[in-house]
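Trainee: What follows is the file work.json, containing JSON, C-alpha atoms:
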```
[["chain", "number", "residue", "atom", "x", "y", "z"],
["K", 1, "MET", "CA", 0.00, 0.00, 0.00],
["K", 2, "ALA", "CA", 1.31, 3.44, -0.91],
["K", 3, "ALA", "CA", 1.43, 6.19, 1.68],
["K", 4, "VAL", "CA", -1.42, 8.69, 1.45],
["K", 5, "PRO", "CA", -0.19, 12.31, 1.37],
["K", 6, "ILE", "CA", -1.99, 14.53, 3.90],
["K", 7, "ASN", "CA", -0.70, 17.97, 4.92],
["K", 8, "LEU", "CA", -1.40, 19.30, 8.42],
["K", 9, "VAL", "CA", -1.33, 22.58, 10.35],
["K", 10, "ILE", "CA", -0.33, 22.70, 14.02],
["K", 11, "GLU", "CA", -0.95, 25.93, 15.92],
["K", 12, "GLN", "CA", 1.98, 26.57, 18.25],
["K", 13, "GLY", "CA", 0.98, 26.48, 21.94],
["K", 14, "THR", "CA", -2.31, 24.61, 21.42],
["K", 15, "ASP", "CA", -3.43, 21.01, 21.72],
["K", 16, "PHE", "CA", -3.25, 19.19, 18.39],
["K", 17, "TYR", "CA", -5.37, 16.18, 17.38],
["K", 18, "ALA", "CA", -6.10, 14.59, 14.00],
["K", 19, "THR", "CA", -7.80, 11.35, 13.01],
["K", 20, "PHE", "CA", -7.34, 9.23, 9.89],
["K", 21, "THR", "CA", -8.85, 6.08, 8.44],
["K", 22, "VAL", "CA", -6.33, 3.61, 7.04],
["K", 23, "THR", "CA", -7.74, 1.60, 4.15],
["K", 24, "ASN", "CA", -6.88, -1.45, 2.08],
["K", 25, "ASP", "CA", -6.13, -1.01, -1.63],
["K", 26, "ASP", "CA", -9.83, -1.64, -2.39],
["K", 27, "GLY", "CA", -10.90, 1.26, -0.13],
["K", 28, "THR", "CA", -12.25, -0.83, 2.76],
["K", 29, "PRO", "CA", -10.98, 0.00, 6.27],
["K", 30, "LEU", "CA", -7.86, -1.94, 7.27],
["K", 31, "ASN", "CA", -8.41, -3.96, 10.46],
["K", 32, "LEU", "CA", -5.58, -2.76, 12.73],
["K", 33, "SER", "CA", -5.97, -5.48, 15.38],
["K", 34, "GLY", "CA", -2.48, -6.47, 16.50],
["K", 35, "PHE", "CA", -0.80, -3.53, 14.72],
["K", 36, "ASN", "CA", 1.68, -1.16, 16.36],
["K", 37, "GLY", "CA", 2.99, 2.07, 14.96],
["K", 38, "THR", "CA", 4.80, 5.37, 15.27],
["K", 39, "CYS", "CA", 4.47, 8.92, 14.06],
["K", 40, "LYS", "CA", 7.57, 11.09, 13.70],
["K", 41, "MET", "CA", 8.32, 14.49, 12.25],
["K", 42, "LYS", "CA", 11.54, 16.28, 11.26],
["K", 43, "THR", "CA", 12.53, 19.57, 9.69],
["K", 44, "SER", "CA", 13.33, 17.79, 6.40],
["K", 45, "HIS", "CA", 13.76, 14.29, 5.00],
["K", 46, "ALA", "CA", 17.55, 14.78, 4.92],
["K", 47, "SER", "CA", 17.83, 16.25, 8.42],
["K", 48, "LYS", "CA", 20.27, 14.48, 10.74],
["K", 49, "SER", "CA", 18.42, 15.78, 13.80],
["K", 50, "THR", "CA", 16.51, 13.45, 16.11],
["K", 51, "PRO", "CA", 12.90, 13.02, 14.93],
["K", 52, "ILE", "CA", 10.15, 14.54, 17.05],
["K", 53, "SER", "CA", 7.73, 11.92, 18.36],
["K", 54, "VAL", "CA", 4.01, 12.49, 17.90],
["K", 55, "ASP", "CA", 1.57, 10.42, 19.97],
["K", 56, "LEU", "CA", -0.20, 7.75, 17.91],
["K", 57, "GLY", "CA", -3.45, 6.23, 19.14],
["K", 58, "TYR", "CA", -6.12, 3.84, 17.91],
["K", 59, "VAL", "CA", -9.63, 5.26, 17.79],
["K", 60, "SER", "CA", -11.14, 2.04, 16.38],
["K", 61, "ARG", "CA", -8.78, -0.75, 15.37],
["K", 62, "SER", "CA", -11.50, -2.74, 13.58],
["K", 63, "ALA", "CA", -12.52, 0.33, 11.53],
["K", 64, "GLY", "CA", -8.92, 1.33, 10.69],
["K", 65, "LYS", "CA", -9.18, 4.61, 12.62],
["K", 66, "ILE", "CA", -6.01, 6.09, 14.12],
["K", 67, "SER", "CA", -5.20, 9.43, 15.71],
["K", 68, "ILE", "CA", -2.13, 11.55, 16.23],
["K", 69, "SER", "CA", -1.82, 14.20, 18.91],
["K", 70, "MET", "CA", 0.45, 16.59, 20.75],
["K", 71, "THR", "CA", -0.21, 18.51, 23.95],
["K", 72, "ALA", "CA", -0.07, 22.30, 24.11],
["K", 73, "ALA", "CA", 3.14, 21.97, 26.15],
["K", 74, "ASN", "CA", 4.74, 20.00, 23.29],
["K", 75, "THR", "CA", 3.54, 22.28, 20.48],
["K", 76, "THR", "CA", 4.85, 25.30, 22.41],
["K", 77, "ASN", "CA", 8.34, 23.83, 22.02],
["K", 78, "LEU", "CA", 8.02, 23.53, 18.22],
["K", 79, "LYS", "CA", 9.59, 26.25, 16.11],
["K", 80, "ALA", "CA", 7.20, 27.93, 13.71],
["K", 81, "ARG", "CA", 8.24, 26.44, 10.36],
["K", 82, "ARG", "CA", 7.50, 23.60, 7.97],
["K", 83, "TYR", "CA", 8.22, 19.98, 8.92],
["K", 84, "VAL", "CA", 7.74, 16.59, 7.26],
["K", 85, "TYR", "CA", 6.01, 13.70, 9.02],
["K", 86, "GLU", "CA", 5.15, 10.06, 8.50],
["K", 87, "ILE", "CA", 3.01, 7.41, 10.16],
["K", 88, "ILE", "CA", 4.48, 3.91, 10.08],
["K", 89, "LEU", "CA", 2.34, 0.90, 11.01],
["K", 90, "ILE", "CA", 3.79, -2.50, 11.88],
["K", 91, "SER", "CA", 1.58, -5.50, 11.17],
["K", 92, "PRO", "CA", 1.30, -8.54, 13.47],
["K", 93, "ASN", "CA", 3.73, -10.23, 10.99],
["K", 94, "SER", "CA", 6.28, -7.40, 11.58],
["K", 95, "VAL", "CA", 5.74, -5.84, 8.13],
["K", 96, "LYS", "CA", 6.39, -2.07, 8.28],
["K", 97, "SER", "CA", 4.32, 0.20, 6.04],
["K", 98, "ARG", "CA", 4.30, 3.96, 5.70],
["K", 99, "VAL", "CA", 0.57, 4.67, 5.55],
["K", 100, "ILE", "CA", 0.39, 8.48, 5.77],
["K", 101, "GLU", "CA", 2.97, 11.17, 5.10],
["K", 102, "GLY", "CA", 3.06, 14.86, 4.39],
["K", 103, "LEU", "CA", 4.00, 18.34, 5.45],
["K", 104, "VAL", "CA", 3.25, 19.97, 8.79],
["K", 105, "GLU", "CA", 3.08, 23.74, 8.96],
["K", 106, "VAL", "CA", 3.57, 24.98, 12.53],
["K", 107, "THR", "CA", 2.06, 28.45, 12.81],
["K", 108, "PRO", "CA", 3.37, 30.83, 15.49],
["K", 109, "GLY", "CA", 1.39, 31.81, 18.53],
["K", 110, "VAL", "CA", 1.09, 35.36, 19.85],
["K", 111, "LEU", "CA", 1.72, 34.59, 23.51]]
```
For this file, produce the structure as structure tokens.

Mentor:
Amino acid sequence: MAAVPINLVIEQGTDFYATFTVTNDDGTPLNLSGFNGTCKMKTSHASKSTPISVDLGYVSRSAGKISISMTAANTTNLKARRYVYEIILISPNSVKSRVIEGLVEVTPGVL
């Protein structure tokens, strides 16, 4: 399965939450029972810096629904700029797949 490109906006200093539905190639929801995964972001694909971890959760494993989130305390520490991110899922058979990827625009806060 090819990664679906989805761009995001995170407002610096606020709680961030987004949900996605992961699907099979035929468009049906992928049953995520037994899957694990990660979400990471960096300033660029070529950056040698340590990736920033984004919390990954499962809204409904049977319906293929996942979420990513960051607390206001964590988004406060992000510099206002563009990042890249990816969500990697690991199947019960240990097959890693990049399911979602894209750009994240962090917009600055006033306070």

Trainee: For Ile88 (chain K), please output as a ChimeraX atom specification all residues within 7 Å (counting all atoms listed in the file; exclusion window: fewer than 2 positions along the same chain).

Mentor: /K:37-39,86,90,96-99

Trainee: I want to know what sits within 9 Å of Phe16 (chain K), based on all atoms listed in the file, with residues of the same chain fewer than 6 positions away left out; could you give that as a PyMOL selection string?

Mentor: chain K and resi 9-10+68-72+75

Trainee: Taking only C-alpha atoms into account, name the residue in K:Ile66, K:Phe20, K:Asp26, K:Ser44 that is nearest to Leu8 (chain K).

Mentor: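 Going through K:Ile66, K:Phe20, K:Asp26, K:Ser44 one by one, the smallest distance to Leu8 (chain K) is for K:Phe20.
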
Trainee: I need the residue nearest Thr107 (chain K) from this list: K:Ile87, K:Ile6, K:Ala80, K:Leu30. Use all atoms listed in the file for the distance.

Mentor: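 Nearest candidate to Thr107 (chain K) out of K:Ile87, K:Ile6, K:Ala80, K:Leu30: K:Ala80.
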
Trainee: For a test of reading the model, state the distance in Å between CA of Ser91 (chain K) and CA of Ser33 (chain K), rounded to one decimal.

Mentor: 8.6 Å

Trainee: Which neighbours of Pro108 (chain K) fall inside 12 Å, counting only C-alpha atoms, when residues of the same chain fewer than 3 positions from it are skipped, and could you give them as a PDB file with C-alpha atoms, keeping the file's coordinate frame?

Mentor:
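So out28.pdb came out as:
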```pdb
ATOM      1  CA  VAL K   9      -1.330  22.580  10.350  1.00  0.00           C
ATOM      2  CA  ILE K  10      -0.330  22.700  14.020  1.00  0.00           C
ATOM      3  CA  GLU K  11      -0.950  25.930  15.920  1.00  0.00           C
ATOM      4  CA  GLN K  12       1.980  26.570  18.250  1.00  0.00           C
ATOM      5  CA  GLY K  13       0.980  26.480  21.940  1.00  0.00           C
ATOM      6  CA  THR K  14      -2.310  24.610  21.420  1.00  0.00           C
ATOM      7  CA  THR K  75       3.540  22.280  20.480  1.00  0.00           C
ATOM      8  CA  THR K  76       4.850  25.300  22.410  1.00  0.00           C
ATOM      9  CA  ASN K  77       8.340  23.830  22.020  1.00  0.00           C
ATOM     10  CA  LEU K  78       8.020  23.530  18.220  1.00  0.00           C
ATOM     11  CA  LYS K  79       9.590  26.250  16.110  1.00  0.00           C
ATOM     12  CA  ALA K  80       7.200  27.930  13.710  1.00  0.00           C
ATOM     13  CA  ARG K  81       8.240  26.440  10.360  1.00  0.00           C
ATOM     14  CA  ARG K  82       7.500  23.600   7.970  1.00  0.00           C
ATOM     15  CA  GLU K 105       3.080  23.740   8.960  1.00  0.00           C
ATOM     16  CA  LEU K 111       1.720  34.590  23.510  1.00  0.00           C
TER      17      LEU K 111
END
```

Trainee: My list of candidates is K:Ala63, K:Asn7, K:Pro51, K:Leu56. Which is closest to Thr28 (chain K) when distances are computed with only C-alpha atoms?

Mentor: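 Result for the nearest residue to Thr28 (chain K): K:Ala63.
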
Trainee: For CA of Arg61 (chain K) and CA of Met41 (chain K), determine how far apart the two atoms are, in Å to one decimal place.

Mentor: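 CA of Met41 (chain K) lies 23.1 Å from CA of Arg61 (chain K).
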
Trainee: Work out how far CA of Ala3 (chain K) is from CA of Thr21 (chain K), in Å to one decimal.

Mentor: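 These two atoms are separated by 12.3 Å.
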
Trainee: For a quick check of your reading of the model, name the residues lying within 8 Å of the coordinate (10.4, 13.8, 11.1), counting all atoms listed in the file, and write them as a list in words.

Mentor: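 Residues with an atom close enough to that point: Lys40, Met41, Lys42, Thr43, Ser44, His45, Thr50, Pro51, Ile52, Ser53, Tyr83, Val84, Tyr85 and Glu86 of chain K.
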
Trainee: Out of K:Leu32, K:Val22, K:Val4, K:Leu89, which residue has the shortest atom-to-atom distance to Leu103 (chain K) when counting all atoms listed in the file?

Mentor: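 Of the candidates, the smallest distance to Leu103 (chain K) is held by K:Val4.
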
Trainee: Pick out the closest residue to Pro5 (chain K) from this set: K:Gly64, K:Gly102, K:Gly34, K:Gly109. Count all atoms listed in the file.

Mentor: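 The answer is K:Gly102, which sits nearest to Pro5 (chain K).
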
Trainee: Nearest to Ser60 (chain K) among K:Ser94, K:Asn31, K:Ser47, K:Asn74, with distances taken over all atoms listed in the file: which residue is it?

Mentor: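 Distance minimum relative to Ser60 (chain K) lands on K:Asn31.
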